[in-house]
$ cat final-v8.txt   # compact mmCIF, C-alpha atoms
# COMPACT_ATOMS: atom_id res chain seq x y z
CA MET H 1 104.23 100.14 91.43
CA SER H 2 101.95 98.69 94.08
CA LEU H 3 102.81 98.95 97.73
CA GLN H 4 103.04 95.48 99.23
CA THR H 5 102.70 96.71 102.82
CA LYS H 6 99.25 98.03 101.98
CA GLN H 7 98.18 94.43 101.28
CA THR H 8 99.54 93.35 104.67
CA PHE H 9 97.40 96.02 106.35
CA ALA H 10 94.39 94.89 104.31
CA VAL H 11 94.87 91.32 105.63
CA LEU H 12 94.98 92.64 109.22
CA ASN H 13 91.77 94.61 108.61
CA GLN H 14 90.16 91.45 107.23
CA MET H 15 91.21 89.53 110.34
CA VAL H 16 89.36 92.12 112.44
CA ALA H 17 86.32 91.98 110.14
CA ASP H 18 86.29 88.17 110.39
CA GLY H 19 86.53 88.32 114.19
CA VAL H 20 89.90 86.57 114.40
CA ILE H 21 91.37 89.44 116.38
CA GLU H 22 89.41 92.08 118.24
CA ASN H 23 91.60 94.80 116.80
CA TYR H 24 95.28 95.61 116.32
CA ALA H 25 97.82 98.40 116.61
CA ILE H 26 100.87 98.62 114.39
CA ALA H 27 103.94 99.15 116.57
CA GLY H 28 107.70 98.63 116.21
CA ALA H 29 109.70 99.95 113.30
CA ILE H 30 106.85 100.07 110.80
CA GLY H 31 104.71 101.91 113.36
CA ALA H 32 107.59 104.34 113.89
CA MET H 33 107.85 105.04 110.16
CA PHE H 34 104.42 106.65 110.23
CA TYR H 35 106.07 109.47 112.21
CA VAL H 36 109.78 109.52 111.37
CA GLU H 37 112.00 109.00 108.35
CA PRO H 38 112.09 105.47 106.90
CA PHE H 39 114.73 102.97 108.00
CA SER H 40 115.54 99.31 107.61
CA THR H 41 113.52 96.63 109.38
CA LYS H 42 112.89 92.93 108.85
CA ASP H 43 109.41 92.56 110.31
CA LEU H 44 106.12 94.14 111.23
CA ASP H 45 105.09 94.19 114.90
CA VAL H 46 101.38 94.12 115.64
CA LEU H 47 99.96 94.58 119.12
CA VAL H 48 96.87 92.47 119.75
CA THR H 49 94.87 91.52 122.80
CA THR H 50 94.05 88.04 123.90
CA PRO H 51 91.53 87.13 126.59
CA GLU H 52 93.35 87.36 129.91
CA ASP H 53 92.19 83.98 131.09
CA ARG H 54 93.34 82.19 127.96
CA LEU H 55 96.67 80.49 127.82
CA ILE H 56 98.44 81.35 124.59
CA VAL H 57 99.27 78.02 122.99
CA GLU H 58 99.87 79.31 119.49
CA LEU H 59 100.56 82.54 117.68
CA PRO H 60 97.40 84.65 117.52
CA GLY H 61 95.92 84.45 114.04
CA TRP H 62 98.19 81.57 113.02
CA GLY H 63 95.35 79.16 112.15
CA TYR H 64 93.45 81.81 110.19
CA LEU H 65 96.48 82.90 108.20
CA LYS H 66 97.50 79.32 107.50
CA ALA H 67 94.03 78.63 106.17
CA HIS H 68 94.43 81.65 103.91
CA GLY H 69 97.67 80.36 102.44
CA TYR H 70 100.16 82.21 104.63
CA THR H 71 102.32 79.35 105.83
CA LYS H 72 105.86 80.71 105.67
CA VAL H 73 107.51 81.65 108.96
CA GLU H 74 110.47 84.04 108.96
CA SER H 75 112.10 86.15 111.70
CA GLU H 76 109.66 84.58 114.19
CA GLY H 77 106.73 85.98 112.20
CA ILE H 78 104.18 84.71 109.74
CA VAL H 79 104.96 86.14 106.31
CA VAL H 80 101.93 88.11 105.11
CA GLU H 81 102.33 89.79 101.74
CA GLY H 82 106.09 90.05 102.07
CA TRP H 83 106.35 91.05 105.75
CA PRO H 84 106.99 88.63 108.60
CA VAL H 85 104.20 89.71 110.98
CA GLN H 86 104.77 89.28 114.70
CA PHE H 87 101.56 89.34 116.72
CA LEU H 88 102.53 90.60 120.15
CA PRO H 89 99.94 90.24 122.91
CA ALA H 90 99.58 93.60 124.69
CA THR H 91 100.24 92.32 128.18
CA THR H 92 101.72 95.24 130.10
CA PRO H 93 99.67 98.33 131.10
CA LEU H 94 101.77 100.43 128.70
CA GLU H 95 101.20 98.06 125.78
CA ARG H 96 97.49 97.89 126.56
CA GLU H 97 97.28 101.67 126.62
CA ALA H 98 99.14 101.83 123.29
CA TYR H 99 96.68 99.32 121.84
CA VAL H 100 93.57 101.07 123.18
CA ASN H 101 94.67 104.57 122.11
CA ALA H 102 96.00 103.70 118.67
CA GLN H 103 94.85 105.97 115.87
CA MET H 104 93.31 105.22 112.50
CA LEU H 105 95.48 106.42 109.65
CA SER H 106 95.47 105.39 106.03
CA VAL H 107 97.92 104.23 103.41
CA GLU H 108 96.68 104.88 99.89
CA GLU H 109 93.05 104.52 100.99
CA VAL H 110 93.68 101.44 103.13
CA PRO H 111 92.86 102.17 106.78
CA VAL H 112 95.47 101.14 109.29
CA ARG H 113 95.46 101.36 113.07
CA VAL H 114 98.80 102.65 114.37
CA ALA H 115 100.05 103.18 117.92
CA ARG H 116 100.59 106.85 118.77
CA PRO H 117 104.14 108.19 118.64
CA GLU H 118 104.32 108.86 122.38
CA HIS H 119 103.38 105.25 123.13
CA LEU H 120 105.94 103.95 120.65
CA VAL H 121 108.67 106.04 122.27
CA ALA H 122 107.64 104.96 125.78
CA ILE H 123 107.76 101.30 124.72
CA MET H 124 111.21 101.82 123.17
CA LEU H 125 112.39 103.46 126.36
CA LYS H 126 111.11 100.51 128.37
CA VAL H 127 112.70 97.91 126.08
CA GLY H 128 115.91 99.95 125.90
CA ARG H 129 117.98 98.07 123.30
CA GLN H 130 120.56 100.12 121.39
CA LYS H 131 118.31 100.32 118.35
CA ASP H 132 115.41 101.50 120.53
CA ILE H 133 117.52 104.29 121.97
CA ALA H 134 118.60 105.34 118.46
CA ARG H 135 114.96 105.43 117.38
CA ILE H 136 113.95 107.55 120.37
CA THR H 137 116.52 110.07 119.20
CA MET H 138 114.94 110.00 115.73
CA PHE H 139 111.52 110.79 117.19
CA LEU H 140 112.89 113.66 119.25
CA SER H 141 115.15 115.19 116.62
CA GLN H 142 112.43 114.94 113.98
CA GLU H 143 109.90 116.59 116.31
CA ALA H 144 107.56 113.64 116.04
CA VAL H 145 106.40 113.47 119.66
CA GLU H 146 104.51 115.76 121.96
CA ILE H 147 106.90 115.99 124.89
CA SER H 148 104.25 116.73 127.55
CA ALA H 149 102.20 113.69 126.47
CA LEU H 150 105.34 111.55 126.43
CA GLU H 151 106.42 112.69 129.89
CA ASP H 152 102.95 111.98 131.22
CA LEU H 153 103.26 108.39 129.93
CA ILE H 154 106.77 108.10 131.33
CA ASN H 155 105.62 109.20 134.79
CA ARG H 156 102.53 106.99 134.83
CA HIS H 157 104.39 103.90 133.69
CA GLY H 158 107.38 104.14 135.99
CA LEU H 159 109.92 105.03 133.32
CA SER H 160 111.23 108.25 134.86
CA GLU H 161 114.59 106.79 135.77
CA LYS H 162 115.14 105.44 132.26
CA TRP H 163 114.10 108.79 130.80
CA LEU H 164 116.58 110.64 133.01
CA ASP H 165 119.27 108.17 132.02
CA TYR H 166 118.43 108.63 128.33
CA ASN H 167 118.57 112.41 128.64
CA GLU H 168 121.88 112.30 130.44
CA LYS H 169 123.41 110.27 127.62
CA SER H 170 121.56 112.02 124.82
CA VAL H 171 123.40 114.10 122.26
CA LEU H 172 120.32 116.29 121.86
CA LYS H 173 120.96 118.47 124.86
CA MET S 174 134.03 129.95 109.68
CA SER S 175 135.95 127.48 111.81
CA ASP S 176 136.04 123.76 111.01
CA LYS S 177 133.84 123.16 114.04
CA GLY S 178 131.33 125.68 112.69
CA ASP S 179 131.37 123.97 109.29
CA ILE S 180 130.70 120.60 110.85
CA GLN S 181 127.87 122.01 112.96
CA GLU S 182 126.36 123.58 109.87
CA LEU S 183 126.56 120.28 107.96
CA TYR S 184 124.99 118.49 110.92
CA ASN S 185 122.15 121.03 111.05
CA GLN S 186 121.54 120.66 107.31
CA ARG S 187 121.46 116.89 107.64
CA GLU S 188 118.96 117.10 110.48
CA GLU S 189 116.75 119.41 108.42
CA ARG S 190 116.81 116.91 105.53
CA ARG S 191 115.86 114.11 107.94
CA LYS S 192 112.93 116.16 109.21
CA LEU S 193 111.75 116.64 105.62
CA ARG S 194 112.09 112.90 104.94
CA ALA S 195 110.03 112.20 108.05
CA LYS S 196 107.21 114.32 106.60
CA ARG S 197 107.05 112.42 103.30
CA PRO S 198 103.79 110.53 102.57
CA ILE S 199 103.68 107.24 104.46
CA ALA S 200 103.28 105.23 101.22
CA GLU S 201 106.64 106.59 100.00
CA LYS S 202 108.29 105.75 103.32
CA LEU S 203 106.90 102.22 103.35
CA LYS S 204 108.10 101.71 99.78
CA ILE S 205 111.62 102.61 100.94
CA ALA S 206 111.25 100.19 103.87
CA GLU S 207 110.25 97.43 101.42
CA GLU S 208 113.28 98.15 99.26
CA LEU S 209 115.57 98.13 102.30
CA ARG S 210 114.04 94.83 103.47
CA ASP S 211 114.64 93.26 100.06
CA LEU S 212 118.18 94.61 99.99
CA GLN S 213 118.83 93.12 103.44
CA LYS S 214 117.64 89.75 102.14
CA ALA S 215 119.87 89.99 99.08
CA LEU S 216 122.86 90.89 101.23
CA ALA S 217 122.24 88.19 103.86
CA PRO S 218 124.43 85.48 102.20
CA ILE S 219 127.30 87.96 101.77
CA ARG S 220 127.05 89.03 105.40
CA GLU S 221 126.90 85.44 106.56
CA ALA S 222 129.97 84.56 104.49
CA ASN S 223 131.79 87.52 106.04
CA ARG S 224 130.78 86.49 109.55
CA ALA S 225 132.00 82.96 108.89
CA LYS S 226 135.31 84.35 107.61
CA VAL S 227 135.72 86.57 110.70
CA ARG S 228 134.88 83.63 113.00
CA SER S 229 137.37 81.39 111.25
CA LEU S 230 140.11 84.05 111.48
CA GLY S 231 139.28 84.48 115.17
CA ARG S 232 139.74 80.75 115.70
CA GLN S 233 143.08 80.80 113.90
CA ASP S 234 144.24 83.69 116.12
CA SER S 235 143.37 81.80 119.27
CA ASP S 236 145.12 78.61 118.12

$ encode --input "final-v8.txt" --output "structure tokens"
Amino acid sequence: MSLQTKQTFAVLNQMVADGVIENYAIAGAIGAMFYVEPFSTKDLDVLVTTPEDRLIVELPGWGYLKAHGYTKVESEGIVVEGWPVQFLPATTPLEREAYVNAQMLSVEEVPVRVARPEHLVAIMLKVGRQKDIARITMFLSQEAVEISALEDLINRHGLSEKWLDYNEKSVLK
Amino acid sequence: MSDKGDIQELYNQREERRKLRAKRPIAEKLKIAEELRDLQKALAPIREANRAKVRSLGRQDSD
């Protein structure tokens, strides 16, 4: 049985090859699944950069994907090979760092650029929805993050208070 | 062993299984995510019908 997600990654790689996006970093739930056990998600979050001086008037890659037959929009994303893909401009210093430091992995021979686990956890901590907090616990309990690297990110990006708060409430003490 | 000890042991075993699942090949994990996504889609009308029912019962209660 073929893996549909692999085709989605191939389309992203083609977008880079065709110069539509400079590069990308898989983030969100799908990014998390590279490091922790699988769980349910509706969409695929992709960090991209856009020139700082350009006003974003449309979804990055929208025109390209439309021209390639991807016209369906679902869950605020463009459906690419089964997954609604949300292109998220990396605007904050933390998101930019996650984008720049993403690592190349592969899924059945298809290369894919994925944000590092410590960056994913730091972003979840910053966003702080209930589901983000639950996912942080998954990363920690499944020993998927290097704590010293994570704490370095937390300190540099002003998340110490949130981290303390998380630890106070955490069941993993 | 006390009940509390039994529960702790079950919890530890579950955590160990989750750690093993986390180490599965990414292709296997993504396949599961695809199946869960498709299941969510299939269940969406049922969930929506349930939400509508709950909302309508809530309205009746407040009348």

$ atom_distance --input "final-v8.txt" --atom1 "CA of Lys162 (chain H)" --atom2 "CA of Gln103 (chain H)"
26.1 Å

$ interface_residues --input "final-v8.txt" --of "chain H" --to "chain S" --cutoff "8 Å" --atoms "all atoms listed in the file" --output "list in words"
Leu3, Gln4, Thr5, Ile30, Met33, Phe34, Tyr35, Val36, Glu37, Pro38, Phe39, Ser40, Thr41, Lys42, Val107, Glu108, Ser141, Gln142 and Glu143 of chain H

$ atom_distance --input "final-v8.txt" --atom1 "CA of Ala29 (chain H)" --atom2 "CA of Leu140 (chain H)"
15.3 Å

$ atom_distance --input "final-v8.txt" --atom1 "CA of Ala122 (chain H)" --atom2 "CA of Val85 (chain H)"
21.5 Å

$ residues_around --input "final-v8.txt" --residues "Ile147 (chain H)" --least-positions-apart "4" --cutoff "12 Å" --atoms "only C-alpha atoms" --output "count of residues only"
15

$ residues_near_point --input "final-v8.txt" --point "(101.4, 89.7, 124.5)" --cutoff "8 Å" --atoms "all atoms listed in the file" --output "count of residues only"
10

$ residues_around --input "final-v8.txt" --residues "Ala25 (chain H)" --least-positions-apart "6" --cutoff "8 Å" --atoms "all atoms listed in the file" --output "MDAnalysis selection string"
chainID H and resid 46:48 98:99 102 113:115

$ write_last_selection --input "final-v8.txt" --atoms "C-alpha atoms" --output "CSV table (one decimal), in the frame of the given file"
chain,number,residue,atom,x,y,z
H,46,VAL,CA,101.4,94.1,115.6
H,47,LEU,CA,100.0,94.6,119.1
H,48,VAL,CA,96.9,92.5,119.8
H,98,ALA,CA,99.1,101.8,123.3
H,99,TYR,CA,96.7,99.3,121.8
H,102,ALA,CA,96.0,103.7,118.7
H,113,ARG,CA,95.5,101.4,113.1
H,114,VAL,CA,98.8,102.6,114.4
H,115,ALA,CA,100.0,103.2,117.9

$ closest_residue --input "final-v8.txt" --among "H:Ala32, H:Asp43, H:Gly158, H:Asn101" --to "Ala134 (chain H)" --atoms "all atoms listed in the file"
H:Ala32
